[in-house]
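**Q** Before we start, here is the structure in question, set down as structure tokens.
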Amino acid sequence: MVLDTQQLRKEQTSQASKIILQDEFPSLKLIGGADVGFEQQGTITRAVIVVLSWPQLELVEYQIARIPTQLPYIPGLLSFREVPGLMAAWEKIQHKPELVLVDGQGIAHPRRFGVACHFGLQANVATIGVAKSRLCGDAAELDDSPESVQPLMAGKNQLGWVLRSKKRCKPLYVSPGYKVGFSSSLSWVKQCLKGYRLPEPTRFADGIASNRTFFKRMNEKIS
DNA sequence: GCGACAG
DNA sequence: ATCTTGTCGC
């Protein structure tokens, strides 16, 4: 496969200027989660979108799309690997949520265009990036207590938040994706926490995408 | 030049 | 990301 990483980076820089950050938000009825897993030595991409009711956070619908993996994993270019599958799953969704939590960074990205931004812009839906580890930026040390939070900074500019979502767990890296601001992105993620490290939409999507036993059983029951 | 690097 | 045994703490 041919891939021009220079060109892809350039594309991110230009797309990043289209990102809108807004803290006003219409009332929510459905909230989504998005994640990607792999099959057969990574040759097959399995993308998952889940839809939960708000504020009950009960599973309403989920869709899985399987497509051939198009790109290898390259730090900073993750979205080009994951968005095609996510779009395929998104198109199958019957109950479209107004907001989606995406596994990975939002604007906390070298060119301010992580997978949450890329997916949100392409699907035209509000998104928040919820990453399990850091890509870029710096933050002050966190407390041990849950709900401990610090701004994630790139020099003088804020990129997002570092949030301890659960005791004795590594923190989450939360950043605006598309059509969501800093304070609301943190607020939505906190409201989706139910005693696990990951917020419910991400946890469900992650469980299905990674074929975890619990979700595999649920899968078999529903289908 | 060197280290760091979402999934 | 993926595979994988035991171990620790609630």
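As shown in the structure tokens, the chain order sets the letters A, B, ...; within each chain, residues go from 1, and ligands are also counted from 1 in the order they appear.
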To test your reading of the structure, identify every residue in chain A that backbone DSSP assigns to helix (DSSP H, G or I), and report it as a PyMOL selection string.

**A** chain A and resi 5-16+78-92+115-123+182-191+200-209+213-222

**Q** When the cut-off is 12 Å and we count only C-alpha atoms (C1' of nucleotides), which residues of chain C are near chain A, given as a list in words?

**A**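 Applying the cut-off to the listed atoms yields DA1, DT2, DC3, DG9 and DC10 of chain C.
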
**Q** Can you spit out the residues from that selection as a PDB file, in the first residue's frame, using N, CA, C and O atoms (P, O5', C5', C4', C3', O3' and C1' of nucleotides)?

**A**
```
ATOM      1  P    DA C   1      -6.316  -0.996  23.796  1.00  0.00           P
ATOM      2  O5'  DA C   1      -5.623  -1.312  22.391  1.00  0.00           O
ATOM      3  C5'  DA C   1      -6.387  -1.029  21.248  1.00  0.00           C
ATOM      4  C4'  DA C   1      -5.999  -1.966  20.121  1.00  0.00           C
ATOM      5  C3'  DA C   1      -5.891  -3.431  20.544  1.00  0.00           C
ATOM      6  O3'  DA C   1      -6.991  -4.197  20.055  1.00  0.00           O
ATOM      7  C1'  DA C   1      -3.899  -2.704  19.439  1.00  0.00           C
ATOM      8  P    DT C   2      -7.505  -5.473  20.956  1.00  0.00           P
ATOM      9  O5'  DT C   2      -6.446  -6.648  20.709  1.00  0.00           O
ATOM     10  C5'  DT C   2      -6.025  -6.976  19.385  1.00  0.00           C
ATOM     11  C4'  DT C   2      -5.064  -8.140  19.504  1.00  0.00           C
ATOM     12  C3'  DT C   2      -5.408  -9.046  20.680  1.00  0.00           C
ATOM     13  O3'  DT C   2      -5.530 -10.396  20.287  1.00  0.00           O
ATOM     14  C1'  DT C   2      -3.144  -8.276  20.830  1.00  0.00           C
ATOM     15  P    DC C   3      -6.326 -11.381  21.387  1.00  0.00           P
ATOM     16  O5'  DC C   3      -5.124 -12.230  21.988  1.00  0.00           O
ATOM     17  C5'  DC C   3      -4.116 -12.754  21.112  1.00  0.00           C
ATOM     18  C4'  DC C   3      -3.046 -13.422  21.961  1.00  0.00           C
ATOM     19  C3'  DC C   3      -3.592 -14.072  23.232  1.00  0.00           C
ATOM     20  O3'  DC C   3      -3.167 -15.413  23.346  1.00  0.00           O
ATOM     21  C1'  DC C   3      -1.822 -12.552  23.746  1.00  0.00           C
ATOM     22  P    DG C   9      -1.680  -5.936  48.426  1.00  0.00           P
ATOM     23  O5'  DG C   9      -3.027  -5.124  48.203  1.00  0.00           O
ATOM     24  C5'  DG C   9      -3.101  -4.066  47.240  1.00  0.00           C
ATOM     25  C4'  DG C   9      -4.552  -3.641  47.067  1.00  0.00           C
ATOM     26  C3'  DG C   9      -5.357  -3.588  48.364  1.00  0.00           C
ATOM     27  O3'  DG C   9      -6.202  -2.450  48.332  1.00  0.00           O
ATOM     28  C1'  DG C   9      -6.399  -5.053  46.856  1.00  0.00           C
ATOM     29  P    DC C  10      -6.896  -2.027  49.737  1.00  0.00           P
ATOM     30  O5'  DC C  10      -8.432  -2.057  49.358  1.00  0.00           O
ATOM     31  C5'  DC C  10      -8.916  -1.185  48.325  1.00  0.00           C
ATOM     32  C4'  DC C  10     -10.247  -1.672  47.808  1.00  0.00           C
ATOM     33  C3'  DC C  10     -11.329  -1.830  48.868  1.00  0.00           C
ATOM     34  O3'  DC C  10     -12.423  -0.980  48.593  1.00  0.00           O
ATOM     35  C1'  DC C  10     -11.210  -3.758  47.461  1.00  0.00           C
TER      36       DC C  10
END
```

**Q** Report as a tab-separated table the residues of chain A within 6 Å of chain B, each with its shortest atom pair and distance in Å (one decimal), using only C-alpha atoms (C1' of nucleotides), ordered by chain and increasing residue number.

**A**
```
residue	atom	partner	partner_atom	distance
A:Pro75	CA	B:DC5	C1'	5.6
A:Gly104	CA	B:DA6	C1'	5.0
A:Gln105	CA	B:DA6	C1'	5.8
A:Leu135	CA	B:DA6	C1'	5.5
```

**Q** Distance atom CA of A:Val149-atom CA of A:Trp161, one decimal place?

**A**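 Pair atom CA of A:Val149 / atom CA of A:Trp161 returns 6.7 Å.
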
**Q** Distance atom CA of A:Pro151-atom CA of A:Ile20, one decimal place?

**A**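 Computing it gives 19.5 Å between the two atoms.
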
**Q** When you count only C-alpha atoms, which of these residues is closest to A:Thr13: A:Asn211, A:Lys167, A:Ile107, A:Lys132?

**A**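 So, comparing all the options, the nearest one is A:Ile107.
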
**Q** Give the strand (DSSP E or B) residues of stretch 7-222 of chain A, as DSSP finds them on the backbone, and put them as a PyMOL selection string.

**A** chain A and resi 30-39+44-53+59-68+99-103+126-131+138+149-154+157-163+172-178

**Q** Can you tell me, as a ChimeraX atom specification, what residues are no more than 7 Å from stretch 171-180 of chain A when counting only C-alpha atoms (C1' of nucleotides), ignoring any on the same chain fewer than 6 positions away?

**A** /A:19-23,105-108,116-117,120-121,126-134,159-165,186

**Q** What's the separation between atom CA of A:Glu11 and atom CA of A:Ala88, in Å to one decimal place?

**A**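 Interatomic distance here is 21.2 Å.
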
**Q** Excluding A:Ala65 and its own-chain neighbours fewer than 3 positions away, which residues fall within 8 Å of it when counting only C-alpha atoms (C1' of nucleotides)? Please give them as a PyMOL selection string.

**A** chain A and resi 45-48+85-86+88-89
